[in-house]
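Shown below: final.cif, with mmCIF, C-alpha atoms.
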```cif
data_entry
#
loop_
_atom_site.label_atom_id
_atom_site.label_comp_id
_atom_site.auth_asym_id
_atom_site.auth_seq_id
_atom_site.Cartn_x
_atom_site.Cartn_y
_atom_site.Cartn_z
CA MET A 254 3.69 4.88 -29.94
CA HIS A 255 3.65 7.95 -27.66
CA VAL A 256 0.97 8.57 -25.10
CA GLU A 257 0.31 12.01 -26.60
CA LYS A 258 -0.89 10.34 -29.78
CA ILE A 259 -3.82 8.87 -27.81
CA PHE A 260 -4.51 11.83 -25.57
CA HIS A 261 -4.48 14.65 -28.10
CA GLN A 262 -6.25 13.49 -31.23
CA GLU A 263 -8.24 16.61 -32.09
CA GLY A 264 -11.94 15.92 -32.01
CA ASN A 265 -11.45 12.18 -31.74
CA ALA A 266 -11.55 9.91 -28.72
CA PRO A 267 -8.98 7.10 -28.73
CA SER A 268 -10.26 3.82 -30.14
CA ASP A 269 -10.50 0.68 -28.05
CA ASP A 270 -7.48 -0.76 -29.83
CA GLU A 271 -5.43 2.38 -29.15
CA ILE A 272 -6.33 2.25 -25.48
CA ARG A 273 -5.37 -1.43 -25.29
CA GLU A 274 -2.08 -0.69 -27.06
CA TYR A 275 -1.28 2.05 -24.55
CA LEU A 276 -2.18 -0.03 -21.48
CA GLN A 277 -0.09 -2.96 -22.72
CA SER A 278 2.91 -0.86 -23.73
CA SER A 279 6.02 0.11 -21.77
CA ILE A 280 4.91 3.76 -21.66
CA CYS A 281 1.96 2.88 -19.41
CA PRO A 282 3.08 4.00 -15.90
CA LEU A 283 1.74 0.80 -14.32
CA HIS A 284 4.45 -1.18 -16.07
CA ASN A 285 7.11 0.71 -14.12
CA PHE A 286 6.01 -1.37 -11.13
CA ILE A 287 8.04 -4.55 -10.63
CA GLY A 288 6.20 -7.70 -9.57
CA ASN A 289 2.52 -8.36 -8.82
CA GLU A 290 1.64 -8.96 -12.46
CA ASN A 291 -1.91 -10.08 -11.65
CA ALA A 292 -2.56 -6.86 -9.75
CA LYS A 293 -1.26 -4.75 -12.63
CA ASP A 294 -3.36 -6.69 -15.15
CA LYS A 295 -6.48 -6.09 -13.05
CA LEU A 296 -5.73 -2.37 -12.81
CA CYS A 297 -5.22 -2.21 -16.57
CA SER A 298 -8.63 -3.81 -17.17
CA ILE A 299 -10.24 -1.26 -14.83
CA GLY A 300 -8.24 1.49 -16.52
CA PHE A 301 -9.56 0.38 -19.90
CA THR A 302 -13.16 1.07 -18.87
CA ALA A 303 -12.07 4.46 -17.46
CA TRP A 304 -10.29 5.44 -20.68
CA LYS A 305 -13.46 4.78 -22.63
CA ASN A 306 -15.02 7.70 -20.70
CA SER A 307 -14.19 11.15 -22.01
CA ASN A 308 -13.29 12.42 -18.53
CA HIS A 309 -11.46 9.22 -17.51
CA ALA A 310 -13.75 8.71 -14.52
CA VAL A 311 -13.37 5.15 -13.21
CA MET A 312 -16.84 4.22 -14.36
CA ASN A 313 -18.05 1.03 -16.01
CA TYR A 314 -20.84 1.24 -18.61
CA SER A 315 -20.60 -2.37 -19.79
CA ASN A 316 -24.11 -3.27 -18.58
CA GLY A 317 -25.66 -0.12 -20.06
CA LYS A 318 -25.79 1.78 -16.76
CA PRO A 319 -22.95 3.76 -15.21
CA LYS A 320 -21.42 2.13 -12.16
CA LYS A 321 -18.33 3.48 -10.44
CA THR A 322 -15.49 1.16 -9.51
CA ASN A 323 -13.69 1.38 -6.17
CA ILE A 324 -10.55 -0.64 -5.51
CA ALA A 325 -9.13 -2.29 -2.39
CA PHE A 326 -5.47 -3.33 -2.17
CA ILE A 327 -5.09 -6.14 0.34
CA GLY A 328 -1.66 -7.17 1.56
CA ASN A 329 1.09 -6.74 4.10
CA ALA A 330 2.62 -3.34 4.80
CA GLY A 331 5.62 -2.29 2.74
CA LEU A 332 4.63 -4.03 -0.51
CA GLY A 333 4.08 -0.86 -2.55
CA LYS A 334 0.33 -0.31 -2.32
CA THR A 335 0.74 3.48 -2.26
CA THR A 336 3.10 3.42 -5.24
CA LEU A 337 0.70 1.22 -7.22
CA ALA A 338 -2.20 3.60 -6.49
CA LYS A 339 -0.14 6.58 -7.67
CA LEU A 340 0.81 4.80 -10.88
CA PHE A 341 -2.85 3.93 -11.52
CA SER A 342 -3.89 7.59 -11.20
CA LYS A 343 -0.98 8.61 -13.45
CA THR A 344 -2.08 6.04 -16.02
CA LEU A 345 -5.49 7.75 -16.16
CA LEU A 346 -4.07 11.31 -15.89
CA LEU A 347 -6.18 11.90 -12.79
CA PRO A 348 -5.25 13.90 -9.66
CA PHE A 349 -4.03 11.69 -6.81
CA ILE A 350 -5.16 12.49 -3.26
CA GLU A 351 -3.74 10.56 -0.32
CA LEU A 352 -5.53 10.30 3.04
CA SER A 353 -4.13 8.92 6.27
CA LYS A 354 -5.63 8.32 9.72
CA ILE A 355 -8.81 10.26 8.95
CA VAL A 356 -11.27 10.65 11.82
CA ASP A 357 -13.63 13.28 10.38
CA VAL A 358 -15.16 13.78 6.92
CA GLN A 359 -14.09 17.44 6.94
CA GLU A 360 -10.51 16.24 6.58
CA ILE A 361 -11.49 14.38 3.40
CA PHE A 362 -13.30 17.39 1.95
CA ASP A 363 -10.37 19.72 2.75
CA ALA A 364 -7.77 17.33 1.29
CA ILE A 365 -9.70 17.00 -1.98
CA GLN A 366 -10.24 20.75 -2.24
CA LEU A 367 -6.57 21.51 -1.56
CA LYS A 368 -5.26 19.01 -4.12
CA LEU A 369 -7.63 20.25 -6.80
CA LYS A 370 -6.57 23.85 -6.14
CA GLU A 371 -2.90 22.86 -6.57
CA GLN A 372 -3.75 21.59 -10.05
CA GLY A 373 -5.90 24.55 -11.06
CA LEU A 374 -9.14 22.64 -10.52
CA SER A 375 -12.00 23.08 -8.07
CA LEU A 376 -15.19 21.58 -6.71
CA ASN A 377 -18.23 22.86 -8.60
CA LEU A 378 -21.33 23.83 -6.64
CA ILE A 379 -24.36 22.55 -8.56
CA GLY A 380 -27.60 23.24 -6.74
CA ASP A 381 -27.03 22.22 -3.13
CA LYS A 382 -24.16 19.80 -3.86
CA PHE A 383 -20.48 20.13 -4.64
CA MET A 384 -19.48 18.03 -7.66
CA CYS A 385 -15.98 16.56 -7.65
CA PRO A 386 -14.17 16.13 -10.99
CA PRO A 387 -12.61 12.70 -11.67
CA VAL A 388 -9.90 11.96 -9.09
CA VAL A 389 -8.28 9.03 -7.33
CA VAL A 390 -8.52 9.18 -3.52
CA PHE A 391 -6.19 6.77 -1.76
CA MET A 392 -7.12 5.72 1.79
CA ASP A 393 -4.08 4.14 3.41
CA GLU A 394 -4.56 1.68 6.30
CA VAL A 395 -8.31 2.12 6.03
CA HIS A 396 -8.92 -0.29 8.92
CA ARG A 397 -7.85 2.59 11.17
CA TYR A 398 -10.62 4.87 9.84
CA LYS A 399 -13.01 4.20 12.68
CA GLY A 400 -13.79 7.69 13.85
CA LYS A 401 -12.74 9.23 17.13
CA SER A 402 -13.31 5.95 18.95
CA ARG A 403 -10.84 3.44 17.50
CA LYS A 404 -12.79 0.58 19.08
CA SER A 405 -16.04 1.38 17.27
CA PRO A 406 -16.86 0.69 13.60
CA SER A 407 -19.22 3.66 13.65
CA GLY A 408 -18.37 7.29 12.94
CA ILE A 409 -16.37 7.87 9.80
CA MET A 410 -16.86 4.31 8.55
CA ASN A 411 -20.59 4.96 8.25
CA ASP A 412 -19.88 8.15 6.29
CA LEU A 413 -17.59 6.22 3.97
CA LEU A 414 -20.36 3.68 3.36
CA LYS A 415 -22.34 6.44 1.68
CA ALA A 416 -19.36 7.97 -0.07
CA THR A 417 -18.26 4.67 -1.64
CA GLU A 418 -21.73 3.53 -2.70
CA PRO A 419 -21.39 2.75 -6.44
CA ASN A 420 -24.79 4.12 -7.51
CA ASP A 421 -25.43 6.98 -5.05
CA SER A 422 -22.08 8.24 -3.84
CA ILE A 423 -22.52 11.10 -1.36
CA LEU A 424 -20.30 12.47 1.43
CA THR A 425 -22.00 14.88 3.84
CA LYS A 426 -21.01 17.15 6.68
CA GLN A 427 -24.36 17.77 8.32
CA GLY A 428 -25.43 21.41 8.06
CA LYS A 429 -22.28 22.41 6.13
CA TRP A 430 -21.88 20.73 2.75
CA THR A 431 -22.70 17.74 0.55
CA LEU A 432 -20.13 16.32 -1.86
CA ASP A 433 -21.16 14.23 -4.86
CA CYS A 434 -18.47 11.53 -5.07
CA THR A 435 -19.66 9.94 -8.32
CA ASN A 436 -16.38 10.76 -10.07
CA ILE A 437 -14.15 9.70 -7.19
CA CYS A 438 -12.35 6.37 -7.47
CA TRP A 439 -11.71 5.35 -3.88
CA ILE A 440 -8.68 3.09 -3.42
CA ALA A 441 -8.46 1.51 0.01
CA ALA A 442 -5.31 -0.17 1.29
CA THR A 443 -5.29 -2.41 4.32
CA THR A 444 -3.57 -5.30 6.03
CA ASP A 445 -6.79 -6.24 7.86
CA TRP A 446 -9.48 -6.31 5.18
CA PHE A 447 -11.78 -8.74 6.96
CA GLN A 448 -11.77 -6.62 10.10
CA LEU A 449 -13.82 -4.02 8.20
CA PRO A 450 -17.64 -4.10 8.09
CA LYS A 451 -19.01 -6.34 5.36
CA PRO A 452 -21.18 -3.56 3.81
CA PHE A 453 -18.04 -1.46 3.33
CA ARG A 454 -16.10 -4.35 1.79
CA SER A 455 -18.93 -5.05 -0.67
CA ARG A 456 -18.32 -1.66 -2.35
CA PHE A 457 -14.80 -2.52 -3.54
CA GLU A 458 -13.11 -4.57 -6.21
CA THR A 459 -10.39 -6.39 -4.28
CA ILE A 460 -6.84 -6.80 -5.57
CA GLU A 461 -4.36 -8.85 -3.57
CA ILE A 462 -0.81 -7.50 -3.35
CA VAL A 463 1.38 -10.55 -2.81
CA PRO A 464 4.91 -10.81 -1.35
CA TYR A 465 7.88 -10.50 -3.68
CA THR A 466 10.62 -12.90 -4.64
CA SER A 467 14.24 -12.13 -3.83
CA GLU A 468 14.93 -11.44 -7.51
CA GLU A 469 12.01 -9.01 -7.78
CA VAL A 470 13.13 -7.03 -4.73
CA THR A 471 16.70 -7.03 -6.04
CA ASP A 472 15.41 -5.54 -9.31
CA ILE A 473 13.36 -2.96 -7.38
CA VAL A 474 16.49 -1.91 -5.49
CA LEU A 475 18.52 -1.68 -8.72
CA LEU A 476 15.82 0.44 -10.34
CA GLU A 477 16.14 2.98 -7.52
CA PHE A 478 19.93 2.58 -7.05
CA PRO A 479 21.34 1.72 -10.51
CA LYS A 480 24.99 2.11 -9.37
CA LEU A 481 24.61 -0.59 -6.73
CA PRO A 482 26.29 -3.91 -7.67
CA LYS A 483 23.69 -6.64 -8.07
CA GLU A 484 25.17 -8.78 -5.30
CA ILE A 485 24.88 -5.85 -2.86
CA ALA A 486 21.32 -5.13 -4.02
CA ARG A 487 20.58 -8.76 -3.19
CA VAL A 488 22.02 -8.23 0.32
CA ALA A 489 19.66 -5.24 0.75
CA ALA A 490 16.77 -7.49 -0.28
CA GLU A 491 17.90 -10.16 2.21
CA TYR A 492 18.27 -7.71 5.08
CA GLY A 493 14.84 -6.28 4.24
CA HIS A 494 13.23 -9.75 4.23
CA ASN A 495 12.19 -9.12 0.61
CA VAL A 496 9.95 -6.20 1.62
CA PRO A 497 10.65 -3.43 -0.95
CA ARG A 498 10.31 -0.54 1.51
CA LEU A 499 12.81 -2.08 3.92
CA ALA A 500 15.21 -3.22 1.19
CA LEU A 501 15.29 0.30 -0.28
CA ALA A 502 16.04 1.72 3.15
CA PHE A 503 19.01 -0.63 3.48
CA ALA A 504 20.25 0.24 -0.01
CA ASN A 505 20.11 3.93 0.90
CA SER A 506 22.10 3.24 4.08
CA PHE A 507 24.69 1.31 2.04
CA SER A 508 25.06 4.27 -0.33
CA LEU A 509 25.45 6.80 2.48
CA GLU A 510 28.12 4.74 4.23
CA LYS A 511 30.06 4.13 1.01
CA GLU A 512 30.18 7.84 0.19
CA TYR A 513 31.06 8.96 3.71
CA ARG A 514 33.59 6.24 4.57
CA ASN A 515 35.06 5.95 1.06
CA VAL A 516 34.93 2.17 1.27
CA SER A 517 33.80 -0.64 -1.01
CA TRP A 518 30.14 -1.59 -1.34
CA LYS A 519 30.78 -4.81 0.56
CA GLU A 520 32.43 -2.93 3.41
CA ALA A 521 29.60 -0.40 3.49
CA ALA A 522 27.01 -3.20 3.73
CA ALA A 523 28.99 -4.78 6.58
CA MET A 524 29.07 -1.47 8.45
CA VAL A 525 25.29 -1.06 8.14
CA ALA A 526 24.78 -4.63 9.35
CA GLU A 527 26.86 -3.87 12.45
CA GLN A 528 25.01 -0.59 13.10
CA LYS A 529 21.60 -2.26 12.90
CA GLY A 530 22.60 -5.35 14.87
CA ILE A 531 22.05 -7.75 11.98
CA ASP A 532 23.27 -11.21 12.87
CA GLU A 533 25.05 -13.77 10.69
CA PHE A 534 21.68 -15.08 9.48
CA GLY A 535 20.47 -11.64 8.27
CA MET A 536 18.06 -10.73 11.09
CA ASP A 537 18.15 -7.42 12.98
CA ARG A 538 17.81 -6.94 16.73
CA SER A 539 14.17 -5.77 16.52
CA SER A 540 13.08 -8.99 14.84
CA ARG A 541 15.05 -11.09 17.30
CA GLU A 542 13.31 -9.30 20.16
CA ILE A 543 9.91 -10.19 18.66
CA LEU A 544 11.00 -13.84 18.42
CA LYS A 545 11.89 -13.77 22.13
CA ILE A 546 8.54 -12.25 23.10
CA LEU A 547 6.44 -14.60 20.98
CA GLY A 548 8.48 -17.56 22.12
CA LYS A 549 7.06 -17.13 25.63
CA SER A 550 3.36 -17.27 24.78
CA GLU A 551 1.07 -19.06 22.34
CA TYR A 552 -0.56 -15.78 21.25
CA THR A 553 0.35 -12.15 21.93
CA SER A 554 -1.68 -9.04 21.11
CA ILE A 555 -0.19 -6.06 19.27
CA ALA A 556 -0.63 -4.00 22.43
CA LYS A 557 1.45 -6.47 24.46
CA LEU A 558 4.08 -6.67 21.73
CA ALA A 559 4.38 -2.89 21.86
CA ASN A 560 4.59 -2.90 25.63
CA TYR A 561 7.14 -5.71 25.91
CA SER A 562 9.35 -4.52 23.01
CA GLY A 563 9.26 -0.80 23.78
CA ARG A 564 8.13 -0.07 20.19
CA ASN A 565 4.89 1.69 19.34
CA GLU A 566 2.11 -0.17 17.53
CA ILE A 567 2.44 1.76 14.26
CA GLU A 568 6.17 1.03 14.03
CA LEU A 569 5.46 -2.64 14.66
CA GLU A 570 2.65 -2.81 12.11
CA GLU A 571 4.40 -0.85 9.37
CA MET A 572 8.07 -1.74 9.71
CA ILE A 573 8.93 -4.70 11.96
CA LEU A 574 6.09 -7.23 11.70
CA PRO A 575 5.66 -7.08 7.87
CA ALA A 576 9.25 -8.24 7.43
CA MET A 577 8.62 -11.20 9.70
CA VAL A 578 5.30 -12.11 8.06
CA ASN A 579 6.81 -12.09 4.58
CA PRO A 580 7.40 -15.71 3.43
CA VAL A 581 11.08 -15.43 2.48
CA ASN A 582 11.61 -19.20 2.29
CA GLY A 583 8.07 -20.51 1.87
CA GLU A 584 6.68 -19.46 5.26
CA GLY A 585 6.83 -16.31 7.35
CA LEU A 586 8.33 -16.30 10.82
CA ILE A 587 5.13 -15.11 12.48
CA ARG A 588 1.41 -15.08 11.72
CA HIS A 589 -1.65 -13.19 12.91
CA THR A 590 -4.97 -14.77 13.89
CA ASN A 591 -8.04 -13.62 15.79
CA HIS A 592 -6.19 -14.64 18.97
CA GLY A 593 -3.14 -12.46 18.28
CA TRP A 594 0.41 -12.90 16.96
CA SER A 595 2.27 -16.20 17.20
CA LEU A 596 5.35 -17.98 15.87
CA THR A 597 5.15 -20.27 12.86
CA THR A 598 7.12 -23.51 12.57
CA THR A 599 9.73 -21.59 10.60
CA GLY A 600 9.79 -18.90 13.27
CA ILE A 601 10.44 -21.47 15.99
CA LYS A 602 13.35 -22.89 13.96
CA GLU A 603 14.79 -19.41 13.44
CA ALA A 604 14.51 -18.72 17.17
CA GLU A 605 16.26 -21.98 18.06
CA LYS A 606 18.98 -21.22 15.49
CA ARG A 607 19.75 -18.13 17.58
CA ASN A 608 19.52 -19.97 20.92
CA ILE A 609 16.26 -18.21 21.78
CA VAL A 610 14.25 -20.38 24.16
CA VAL A 611 10.68 -21.10 22.98
CA THR A 612 8.33 -22.18 25.78
CA ARG A 613 4.98 -21.25 24.13
CA GLU A 614 3.00 -21.13 27.36
CA PRO A 615 -0.74 -20.38 26.95
CA ALA A 616 -1.49 -16.63 26.87
#
```

Any chance you could give the structure as structure tokens?
Amino acid sequence: MHVEKIFHQEGNAPSDDEIREYLQSSICPLHNFIGNENAKDKLCSIGFTAWKNSNHAVMNYSNGKPKKTNIAFIGNAGLGKTTLAKLFSKTLLLPFIELSKIVDVQEIFDAIQLKLKEQGLSLNLIGDKFMCPPVVVFMDEVHRYKGKSRKSPSGIMNDLLKATEPNDSILTKQGKWTLDCTNICWIAATTDWFQLPKPFRSRFETIEIVPYTSEEVTDIVLLEFPKLPKEIARVAAEYGHNVPRLALAFANSFSLEKEYRNVSWKEAAAMVAEQKGIDEFGMDRSSREILKILGKSEYTSIAKLANYSGRNEIELEEMILPAMVNPVNGEGLIRHTNHGWSLTTTGIKEAEKRNIVVTREPA
């Protein structure tokens, strides 16, 4: 079966069975995503209700009244939340709009307008409101969307409360414009879901993105780098602590070194390990530095980690800490609580394996 057979039946909408066949087949873009089967199944069920609508708006009519569905991906950084959101929009043939670090609603309006223009579409002014056609708007790291004051849940978060309301979805720039967001499927991604206001969380269908196994990350690497020997792809997964984003970065480094040095894959991997300060147990110097810092205090804030390590908070949150949180062998090396970051039992063992002294004095 080809997707065109469903999409282009003249005068006929696809039947429920045809939609199910498409969503369960290998030609559905979501099935290009390795791992997180439960997340993909949930997205397919949401996609089924959207496909039953002629415009593919992510709207559910199962109870007789239209109700839009927003989605929240919850999980550590680097697990492919952005990729999964893109594949979901591709599955529904909807424009994909990505937002990042938004502090004003005008940025949202401009981003939507620009993306629609790129695809030959536009916002329609109906009465005193702009109407948005069906789109997917992806809000990455939404816990940072707190307006100009990062310490306050007010500002843009209040505006997003209105915009994500399932039954009356409006985004407004006072005195300038009003955007009807009925056809917008908002997808939020965050590592700190429960730090967001409860009213905001209540507007989303949550989908947990769970850590990957070594085999899954190895397969992800091989999908992107098919010429890589499987044993070297597994080394990339190991060095990346089974975080796809990091493993792919290592695989790319392996490839560059092999081409430039004209060496074997094994030699290229060894060169990258030396460059990045990876020790005999597969840990790089950045992670070892975090073990040293956390070994001196029971809890440490992200601000102190940044200060002590010389890394900025975003780099820590997006690249270094996710690898250490990921449970490679049953438990991550570190964990985050309301008190701050601390070592796990596994983390203490890994520190001691490297002769890093753990004193764990009270913060």

*List every protein, DNA or RNA residue that has at least one atom no more than 10 Å from (16.4, -6.0, 5.5) in the file's coordinates, counting only C-alpha atoms, and write the result as a PyMOL selection string.*
chain A and resi 488-504+526+529+531+535-537+573+576

Set up a box along x, y and z of the file covering all listed atoms of region 484-493 of chain A, add 3 Å on every one of the six sides, and write the centre and edge lengths in Å to one decimal, as lines of an AutoDock Vina configuration file.
```
center_x = 20.0
center_y = -7.6
center_z = -0.1
size_x = 16.3
size_y = 11.0
size_z = 16.4
```

*What gap, in Å, lies between CA of Ala559 (chain A) and CA of Ile327 (chain A)?*
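These atoms are spaced 23.7 Å apart.
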
_Can you tell me which residues surround region 482-484 of chain A at a distance of at most 12 Å, considering only C-alpha atoms, apart from same-chain residues fewer than 3 positions away, and format the answer as an MDAnalysis selection string?_
chainID A and resid 467:476 478:479 487:491 504 507:508 517:519 522

*What's the 7 Å shell around region 316-322 of chain A, counting all atoms listed in the file, without same-chain residues fewer than 4 positions away, as a list in words?*
Val311, Met312, Pro419, Asn420, Thr435 and Cys438 of chain A

_One decimal, in Å: what's the spacing between CA of Thr443 (chain A) and CA of Arg397 (chain A)?_
8.9 Å

_Counting all atoms listed in the file, which residues have an atom no more than 12 Å from (-16.1, 7.2, 1.3) in the file's coordinates? Please list them as JSON, numbers by chain._
{"A": [323, 324, 352, 355, 357, 358, 359, 360, 361, 362, 389, 390, 391, 392, 395, 398, 408, 409, 410, 411, 412, 413, 414, 415, 416, 417, 418, 419, 421, 422, 423, 424, 425, 432, 433, 434, 435, 436, 437, 438, 439, 440, 441, 453, 454, 456, 457]}

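Between Ile287 (chain A) and the candidates A:Gln448, A:Gly333, A:Lys339, A:Thr459, the tightest atom-to-atom separation, counting all atoms listed in the file, involves A:Gly333.
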
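Listed by chain and then by number, the residues chosen by the PyMOL selection byres ((chain A and resi 369) around 12) in this file are A:Leu347, A:Pro348, A:Phe349, A:Ile350, A:Phe362, A:Asp363, A:Ala364, A:Ile365, A:Gln366, A:Leu367, A:Lys368, A:Lys370, A:Glu371, A:Gln372, A:Gly373, A:Leu374, A:Ser375, A:Leu376, A:Asn377, A:Cys385, A:Pro386, A:Pro387, A:Val388, A:Val389, A:Val390.
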
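Atom pair CA of Ile567 (chain A) / CA of Thr590 (chain A): separated by 18.1 Å.
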
*I need the residue set behind the PyMOL selection byres ((chain A and resi 381) around 12) for this file; please write it as JSON, numbers by chain.*
{"A": [377, 378, 379, 380, 382, 383, 384, 425, 428, 429, 430, 431, 432, 433]}

*Determine, counting all atoms listed in the file, which protein, DNA and RNA residues have an atom within 7 Å of an atom of Ile587 (chain A); residues of the same chain fewer than 6 positions away are not included. Present the result as a list in words.*
Met577, Val578, Trp594, Ser595, Leu596, Thr597 and Gly600 of chain A

*Between A:Asn306, A:Ser540, A:Gln427, A:Ser279, which is the closest to Arg607 (chain A) once you count only C-alpha atoms?*
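Comparing A:Asn306, A:Ser540, A:Gln427, A:Ser279 against Arg607 (chain A), the winner is A:Ser540.
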
*With only C-alpha atoms as the basis for distance, which of A:Ser554, A:Thr444, A:Thr599, A:Ser268 is at the shortest distance from Trp304 (chain A)?*
A:Ser268

_Calculated over all atoms listed in the file, which of the candidates A:Leu276, A:Glu510, A:Glu542, A:Ile609 has the smallest distance to Glu527 (chain A)?_
A:Glu510

*Have a look at A:Ala442, A:Ile460, A:Ile555, A:Leu296 and name the one nearest to Asn591 (chain A); count only C-alpha atoms.*
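Result for the nearest residue to Asn591 (chain A): A:Ile555.
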